[in-house]
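*Asks:* Structure in C-alpha cells, see below.
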Amino acid sequence: MPGTRRVSAASSVAFTVVVTVLVGVGALVILAVVALSGAPASIALATLLAAVPVGPVIACYLWLDRYEPEPRTLLAAGLLWGCFVATAAAILLQGLGGLVAGFTDRQTLGVVAPVTEEACKGLFLLLLLWWRRAELDGVLDGIVYAGMVGVGFAFTENILYLAAAYNGTDGMGPGGTQAVTATFVVRCLVSPFAHPLFTTFTGIGVGLAVNARTGRGRVLWPLGGYLCAVVAHAVWNISTSYGFGSFAVAYVVLMAPALVAVVSLAVWSRRSERRMLAAALADAASRGLVPATDIGWVVDLSARRRSRAYARERGGRDGERAMRDYQQATIELGFLHYRYLRGTPPPDYAARGQQFLQRIDALRPSIAFPGQVVPTR
C-alpha cells in the first residue's frame, strides 16, 4: 500500500499469526460461554443492545485518528482482540483464581478482575510495541489502539451482563424487560466509555514508551500505564459493590473527571501532532527532502480535504488517490523525521525514510494543490 510503513517481514508475520490464532481460540471460548448464558432469544436481544454504543464510541476514536490514520486491519485486530482474546482469557483466569485461590466475589470484583482484565487487554498493545512498533508514533496512537481493544471487550462483556440480567441469573432480581433495561442504561448509555477509558492508561504508557530515550523509560512507561488502568478499574468496580449511591459518587467525582482529562489529553495530542509535523517537515524541507510549499496542504486537515477535492475535480478518483497517497507518505516521513530529531529513530530509520522519499518523488509530478498550475519541486 502506498505510504504505509515498512516493517520487518518476520515481525509482521509473527504478529499476524499470533493474533489470528489467539482470536480464533478466544472466539471459540466466548461462543461456548455465550451459548451457555441463556436462550437464543435472550442472547440475540443482549447482542443487539450491546451493539448500540459500539458505533458511536468507535467513531470518536476514528475522529481522533485523522492526521495519520492507523491501518484499518490493525484497528480491527484490536477490536477482535478485545471481543474474544482479552474477554476469554480474563474469564478463564478469574475462574481459575476462584477455583484455586478461593477468591470471594468482592475480591474478584475489586482486585482480580482489574488485574487480569487490564493485563489481557494491554497485551495487544505490548504485542504492537514489540512486533509492530513502526505503527506507533506516540500517545495518540496508543489511545486509539487501546480504545479499540476496550470497545471490543466492553461489547462482549455487555452481552454477558445483559443476558444474565434478562434471564435473572445475575443475582439482582427476577430478570425480564425491566432488569435488562436498567442494565442497558447503566452499562451501554451511562458508562460505555468505562473499559476504553481504563485501557487508555495503558495505551498512554505504550505511546510514551515509543519515544522514550532510555531503556528504563521503555519499560516503566507501559508498566505505569497498566498500574493506572488497574487502579481506575478497581475504583470503578468497588464503587458498584456498595450500591447506586457509591457508584454515582465515583462516577461524578472520579470517573467523569478522568474521562474529561483523557479526552482533553487526546485532543491536545492531536493538536500537538499538527505542530510537531509542521516543525519536522519544515526541517525536512530545509534539507531539500520535501517542498516547503506543500507542508500546509499536508498538516492542516481542512486544507488536506480541499486539496483532495481539487485533485478529484482535476483527475477524478485516480487524481484523488494520488493526492491521498502523497499526503500520507509525507505525513509518515514527518513522524519518522520527528523521531530522528528527538534522537529516538527506529533501527530501520534509513530504509523507511528512503521508501517514503521514493514514494513522494514518484507522486509529486502527478499532483497539484489549489492555486498551483504546474507542480514544482
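Chain labels run A, B, ... following the order of the C-alpha cells; each chain numbers its residues from 1, and ligands are numbered from 1 in the order shown.
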Produce a table with one row for each residue of range 73-122 of chain A that has an atom at most 12 Å from any atom of range 135-157 of chain A, each row naming the nearest atom pair and its distance in Å at one decimal; use only C-alpha atoms; arrange rows by chain and rising residue number; format as CSV.
*Replies:*
```
residue,atom,partner,partner_atom,distance
A:Thr73,CA,A:Tyr145,CA,11.5
A:Leu74,CA,A:Tyr145,CA,8.3
A:Leu75,CA,A:Met148,CA,6.4
A:Ala76,CA,A:Met148,CA,7.6
A:Ala77,CA,A:Val149,CA,8.4
A:Gly78,CA,A:Val149,CA,4.8
A:Leu79,CA,A:Gly152,CA,4.7
A:Leu80,CA,A:Gly152,CA,6.2
A:Trp81,CA,A:Val149,CA,6.2
A:Gly82,CA,A:Phe153,CA,4.1
A:Cys83,CA,A:Gly152,CA,4.2
A:Phe84,CA,A:Phe153,CA,7.5
A:Val85,CA,A:Phe153,CA,8.8
A:Ala86,CA,A:Phe153,CA,6.8
A:Thr87,CA,A:Phe153,CA,5.9
A:Ala88,CA,A:Phe153,CA,9.6
A:Ala89,CA,A:Phe153,CA,11.1
A:Ala90,CA,A:Phe153,CA,10.1
A:Ile91,CA,A:Glu157,CA,10.0
A:Glu117,CA,A:Phe153,CA,9.0
A:Glu118,CA,A:Gly150,CA,9.3
A:Ala119,CA,A:Val149,CA,11.7
A:Cys120,CA,A:Val149,CA,9.8
A:Lys121,CA,A:Val149,CA,6.3
A:Gly122,CA,A:Ala146,CA,7.5
```
*Asks:* Keeping N, CA and C atoms for every residue in the selection just given, could you write it to a file as a compact mmCIF listing (two decimals), in the first residue's frame?
*Replies:*
```
# COMPACT_ATOMS: atom_id res chain seq x y z
N THR A 73 -6.83 -2.72 9.25
CA THR A 73 -6.70 -4.12 9.66
C THR A 73 -6.21 -4.23 11.10
N LEU A 74 -5.30 -3.35 11.50
CA LEU A 74 -4.80 -3.39 12.87
C LEU A 74 -5.85 -2.89 13.86
N LEU A 75 -6.61 -1.88 13.47
CA LEU A 75 -7.69 -1.42 14.34
C LEU A 75 -8.73 -2.53 14.53
N ALA A 76 -9.04 -3.23 13.44
CA ALA A 76 -9.98 -4.36 13.54
C ALA A 76 -9.40 -5.47 14.40
N ALA A 77 -8.09 -5.69 14.29
CA ALA A 77 -7.44 -6.72 15.12
C ALA A 77 -7.56 -6.36 16.59
N GLY A 78 -7.39 -5.07 16.93
CA GLY A 78 -7.55 -4.64 18.31
C GLY A 78 -8.97 -4.85 18.80
N LEU A 79 -9.94 -4.55 17.94
CA LEU A 79 -11.34 -4.74 18.31
C LEU A 79 -11.64 -6.22 18.56
N LEU A 80 -11.16 -7.09 17.67
CA LEU A 80 -11.38 -8.53 17.82
C LEU A 80 -10.64 -9.08 19.02
N TRP A 81 -9.46 -8.54 19.28
CA TRP A 81 -8.71 -8.97 20.47
C TRP A 81 -9.54 -8.70 21.73
N GLY A 82 -10.11 -7.51 21.81
CA GLY A 82 -10.94 -7.18 22.96
C GLY A 82 -12.16 -8.05 23.05
N CYS A 83 -12.82 -8.28 21.90
CA CYS A 83 -14.05 -9.09 21.87
C CYS A 83 -13.81 -10.52 22.34
N PHE A 84 -12.72 -11.11 21.89
CA PHE A 84 -12.53 -12.55 22.08
C PHE A 84 -11.35 -12.91 22.97
N VAL A 85 -10.16 -12.46 22.62
CA VAL A 85 -8.97 -12.91 23.35
C VAL A 85 -8.97 -12.39 24.78
N ALA A 86 -9.06 -11.07 24.94
CA ALA A 86 -8.99 -10.49 26.28
C ALA A 86 -10.15 -10.99 27.16
N THR A 87 -11.34 -11.06 26.58
CA THR A 87 -12.50 -11.48 27.36
C THR A 87 -12.38 -12.94 27.76
N ALA A 88 -12.02 -13.81 26.82
CA ALA A 88 -11.88 -15.23 27.12
C ALA A 88 -10.78 -15.48 28.14
N ALA A 89 -9.63 -14.83 27.96
CA ALA A 89 -8.52 -15.02 28.89
C ALA A 89 -8.90 -14.54 30.29
N ALA A 90 -9.58 -13.39 30.37
CA ALA A 90 -9.98 -12.87 31.68
C ALA A 90 -10.96 -13.81 32.36
N ILE A 91 -11.92 -14.35 31.62
CA ILE A 91 -12.88 -15.30 32.20
C ILE A 91 -12.17 -16.53 32.73
N GLU A 117 -8.09 -8.38 33.71
CA GLU A 117 -8.70 -7.81 32.51
C GLU A 117 -7.81 -6.76 31.87
N GLU A 118 -7.19 -5.91 32.68
CA GLU A 118 -6.31 -4.89 32.10
C GLU A 118 -5.03 -5.52 31.53
N ALA A 119 -4.58 -6.61 32.13
CA ALA A 119 -3.42 -7.31 31.58
C ALA A 119 -3.77 -7.95 30.24
N CYS A 120 -4.94 -8.57 30.17
CA CYS A 120 -5.35 -9.24 28.93
C CYS A 120 -5.60 -8.24 27.81
N LYS A 121 -6.17 -7.11 28.14
CA LYS A 121 -6.38 -6.07 27.12
C LYS A 121 -5.06 -5.42 26.72
N GLY A 122 -4.24 -5.12 27.71
CA GLY A 122 -2.99 -4.44 27.44
C GLY A 122 -1.98 -5.28 26.68
```
*Asks:* Could you pull out the alpha helix (DSSP H) residues of range 21-87 of chain A, going by DSSP on the backbone, and write them as a PyMOL selection string?
*Replies:* chain A and resi 21-35+40-50+54-64+72-80+87
*Asks:* May I have the residues within 8 Å of range 94-105 of chain A as a ChimeraX atom specification, using only C-alpha atoms and disregarding those fewer than 6 positions away in the same chain?
*Replies:* /A:112-113,116
*Asks:* Could you save those same residues with N, CA and C atoms as a tab-separated table (two decimals), in the first residue's frame?
*Replies:*
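Everything below was put into out_36.tsv:
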```tsv
chain	number	residue	atom	x	y	z
A	112	VAL	N	-9.04	-9.01	41.48
A	112	VAL	CA	-8.71	-9.99	40.44
A	112	VAL	C	-9.15	-9.50	39.06
A	113	ALA	N	-10.38	-9.03	38.95
A	113	ALA	CA	-10.89	-8.58	37.65
A	113	ALA	C	-10.07	-7.43	37.07
A	116	THR	N	-6.49	-8.84	36.00
A	116	THR	CA	-6.47	-9.77	34.87
A	116	THR	C	-7.01	-9.13	33.60
```
*Asks:* Could you give me, as a compact mmCIF listing (two decimals) with N, CA and C atoms, in the first residue's frame, the residues within 12 Å of Val298 in chain A, counting only C-alpha atoms and dropping anything in the same chain fewer than 3 positions from it?
*Replies:*
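Generated output (result_0.txt):
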```
# COMPACT_ATOMS: atom_id res chain seq x y z
N ARG A 66 -7.05 11.04 12.68
CA ARG A 66 -7.20 11.59 11.33
C ARG A 66 -5.90 12.10 10.71
N TYR A 67 -4.95 12.50 11.54
CA TYR A 67 -3.71 13.01 10.95
C TYR A 67 -2.94 11.93 10.23
N GLU A 68 -2.80 10.81 10.88
CA GLU A 68 -2.06 9.70 10.30
C GLU A 68 -2.85 8.44 10.61
N ARG A 274 -0.10 18.22 14.95
CA ARG A 274 -0.05 19.17 13.84
C ARG A 274 1.18 20.05 13.95
N ARG A 275 1.42 20.58 15.16
CA ARG A 275 2.58 21.44 15.35
C ARG A 275 3.88 20.66 15.16
N LEU A 277 4.35 17.92 13.35
CA LEU A 277 4.54 17.58 11.94
C LEU A 277 4.99 18.80 11.15
N ALA A 278 4.41 19.95 11.43
CA ALA A 278 4.81 21.17 10.72
C ALA A 278 6.28 21.47 10.96
N LEU A 281 8.51 18.63 9.27
CA LEU A 281 8.54 18.75 7.81
C LEU A 281 9.25 20.03 7.37
N ALA A 282 9.17 21.08 8.18
CA ALA A 282 9.91 22.29 7.86
C ALA A 282 11.41 22.01 7.88
N VAL A 290 11.48 17.63 1.03
CA VAL A 290 10.11 17.86 0.57
C VAL A 290 9.96 19.34 0.23
N PRO A 291 9.02 19.70 -0.65
CA PRO A 291 8.79 21.12 -0.95
C PRO A 291 8.15 21.83 0.25
N ALA A 292 8.71 22.94 0.65
CA ALA A 292 8.17 23.68 1.80
C ALA A 292 6.74 24.16 1.53
N THR A 293 6.42 24.43 0.25
CA THR A 293 5.08 24.94 -0.09
C THR A 293 3.99 23.90 0.11
N ASP A 294 4.38 22.64 0.26
CA ASP A 294 3.38 21.58 0.40
C ASP A 294 2.97 21.35 1.85
N ILE A 295 3.75 21.85 2.80
CA ILE A 295 3.56 21.47 4.20
C ILE A 295 2.17 21.83 4.70
N LEU A 301 -5.88 19.82 8.41
CA LEU A 301 -6.91 18.88 7.99
C LEU A 301 -7.88 19.49 6.98
N SER A 302 -8.29 20.73 7.18
CA SER A 302 -9.23 21.35 6.24
C SER A 302 -8.55 21.58 4.89
N ALA A 303 -7.27 21.99 4.91
CA ALA A 303 -6.54 22.17 3.66
C ALA A 303 -6.33 20.83 2.97
N ARG A 304 -6.14 19.80 3.76
CA ARG A 304 -5.97 18.47 3.18
C ARG A 304 -7.23 18.04 2.44
N ARG A 305 -8.39 18.31 3.04
CA ARG A 305 -9.66 17.96 2.38
C ARG A 305 -9.85 18.76 1.10
N ARG A 306 -9.53 20.06 1.16
CA ARG A 306 -9.68 20.89 -0.04
C ARG A 306 -8.77 20.42 -1.17
N SER A 307 -7.56 20.04 -0.83
CA SER A 307 -6.64 19.60 -1.86
C SER A 307 -7.09 18.28 -2.48
N ARG A 308 -7.70 17.40 -1.69
CA ARG A 308 -8.20 16.15 -2.24
C ARG A 308 -9.40 16.40 -3.15
N MET A 323 -3.23 12.12 -4.65
CA MET A 323 -3.09 13.16 -3.64
C MET A 323 -3.09 12.56 -2.24
N ARG A 324 -4.01 11.63 -2.00
CA ARG A 324 -4.11 10.99 -0.70
C ARG A 324 -2.81 10.24 -0.37
N ASP A 325 -2.29 9.51 -1.35
CA ASP A 325 -1.07 8.74 -1.12
C ASP A 325 0.12 9.66 -0.87
N TYR A 326 0.18 10.77 -1.62
CA TYR A 326 1.26 11.73 -1.42
C TYR A 326 1.21 12.32 -0.01
N GLN A 327 0.03 12.73 0.40
CA GLN A 327 -0.11 13.30 1.73
C GLN A 327 0.24 12.28 2.81
N GLN A 328 -0.19 11.04 2.62
CA GLN A 328 0.09 10.01 3.61
C GLN A 328 1.59 9.73 3.71
N ALA A 329 2.26 9.62 2.57
CA ALA A 329 3.70 9.37 2.58
C ALA A 329 4.44 10.53 3.24
N THR A 330 3.99 11.76 2.99
CA THR A 330 4.64 12.93 3.59
C THR A 330 4.43 12.96 5.09
N ILE A 331 3.22 12.63 5.53
CA ILE A 331 2.94 12.57 6.96
C ILE A 331 3.81 11.51 7.63
N GLU A 332 3.91 10.34 7.01
CA GLU A 332 4.74 9.27 7.55
C GLU A 332 6.19 9.72 7.68
N LEU A 333 6.68 10.42 6.65
CA LEU A 333 8.04 10.94 6.69
C LEU A 333 8.19 11.95 7.82
N GLY A 334 7.15 12.78 8.03
CA GLY A 334 7.20 13.76 9.11
C GLY A 334 7.34 13.11 10.47
N PHE A 369 -1.66 21.29 -5.98
CA PHE A 369 -2.53 21.80 -4.94
C PHE A 369 -3.32 23.00 -5.47
```
*Asks:* Using only C-alpha atoms, which residue out of A:Val111, A:Leu64, A:Ala163, A:Ile58 lies closest to Ala46 in chain A?
*Replies:*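 Using only C-alpha atoms, Ala46 in chain A sits closest to A:Ala163.
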*Asks:* So that each row is one residue of range 126-234 of chain A with an atom at most 12 Å from range 245-252 of chain A, can you give its shortest atom pair and the distance in Å to one decimal, using only C-alpha atoms, rows by chain and rising number, as a Markdown table?
*Replies:*
```
| residue | atom | partner | partner_atom | distance |
| --- | --- | --- | --- | --- |
| A:Val186 | CA | A:Phe247 | CA | 10.4 |
| A:Val190 | CA | A:Tyr251 | CA | 9.5 |
| A:Ser191 | CA | A:Tyr251 | CA | 8.8 |
| A:Phe193 | CA | A:Tyr251 | CA | 11.6 |
| A:Ala194 | CA | A:Tyr251 | CA | 10.1 |
| A:Ala232 | CA | A:Ala250 | CA | 10.3 |
| A:His233 | CA | A:Ala250 | CA | 11.3 |
| A:Ala234 | CA | A:Ala250 | CA | 11.2 |
```
*Asks:* Take the residues that were just selected and, keeping C-alpha atoms, output them as a JSON list (two decimals), in the first residue's frame.
*Replies:*
```json
[["chain", "number", "residue", "atom", "x", "y", "z"],
["A", 186, "VAL", "CA", -26.07, 1.81, 33.20],
["A", 190, "VAL", "CA", -24.25, 5.93, 31.09],
["A", 191, "SER", "CA", -20.82, 4.26, 31.00],
["A", 193, "PHE", "CA", -16.55, 4.57, 27.89],
["A", 194, "ALA", "CA", -15.53, 2.60, 31.01],
["A", 232, "ALA", "CA", -9.08, 3.11, 37.79],
["A", 233, "HIS", "CA", -10.77, -0.20, 37.05],
["A", 234, "ALA", "CA", -10.64, -1.26, 40.71]]
```
*Asks:* Need to verify the contact set: Leu36 in chain A, 12 Å, only C-alpha atoms, exclusion of same-chain residues closer than 4 positions in sequence. Can you return it as a PyMOL selection string?
*Replies:* chain A and resi 29-32+40+42-43+160+163-164+167+169
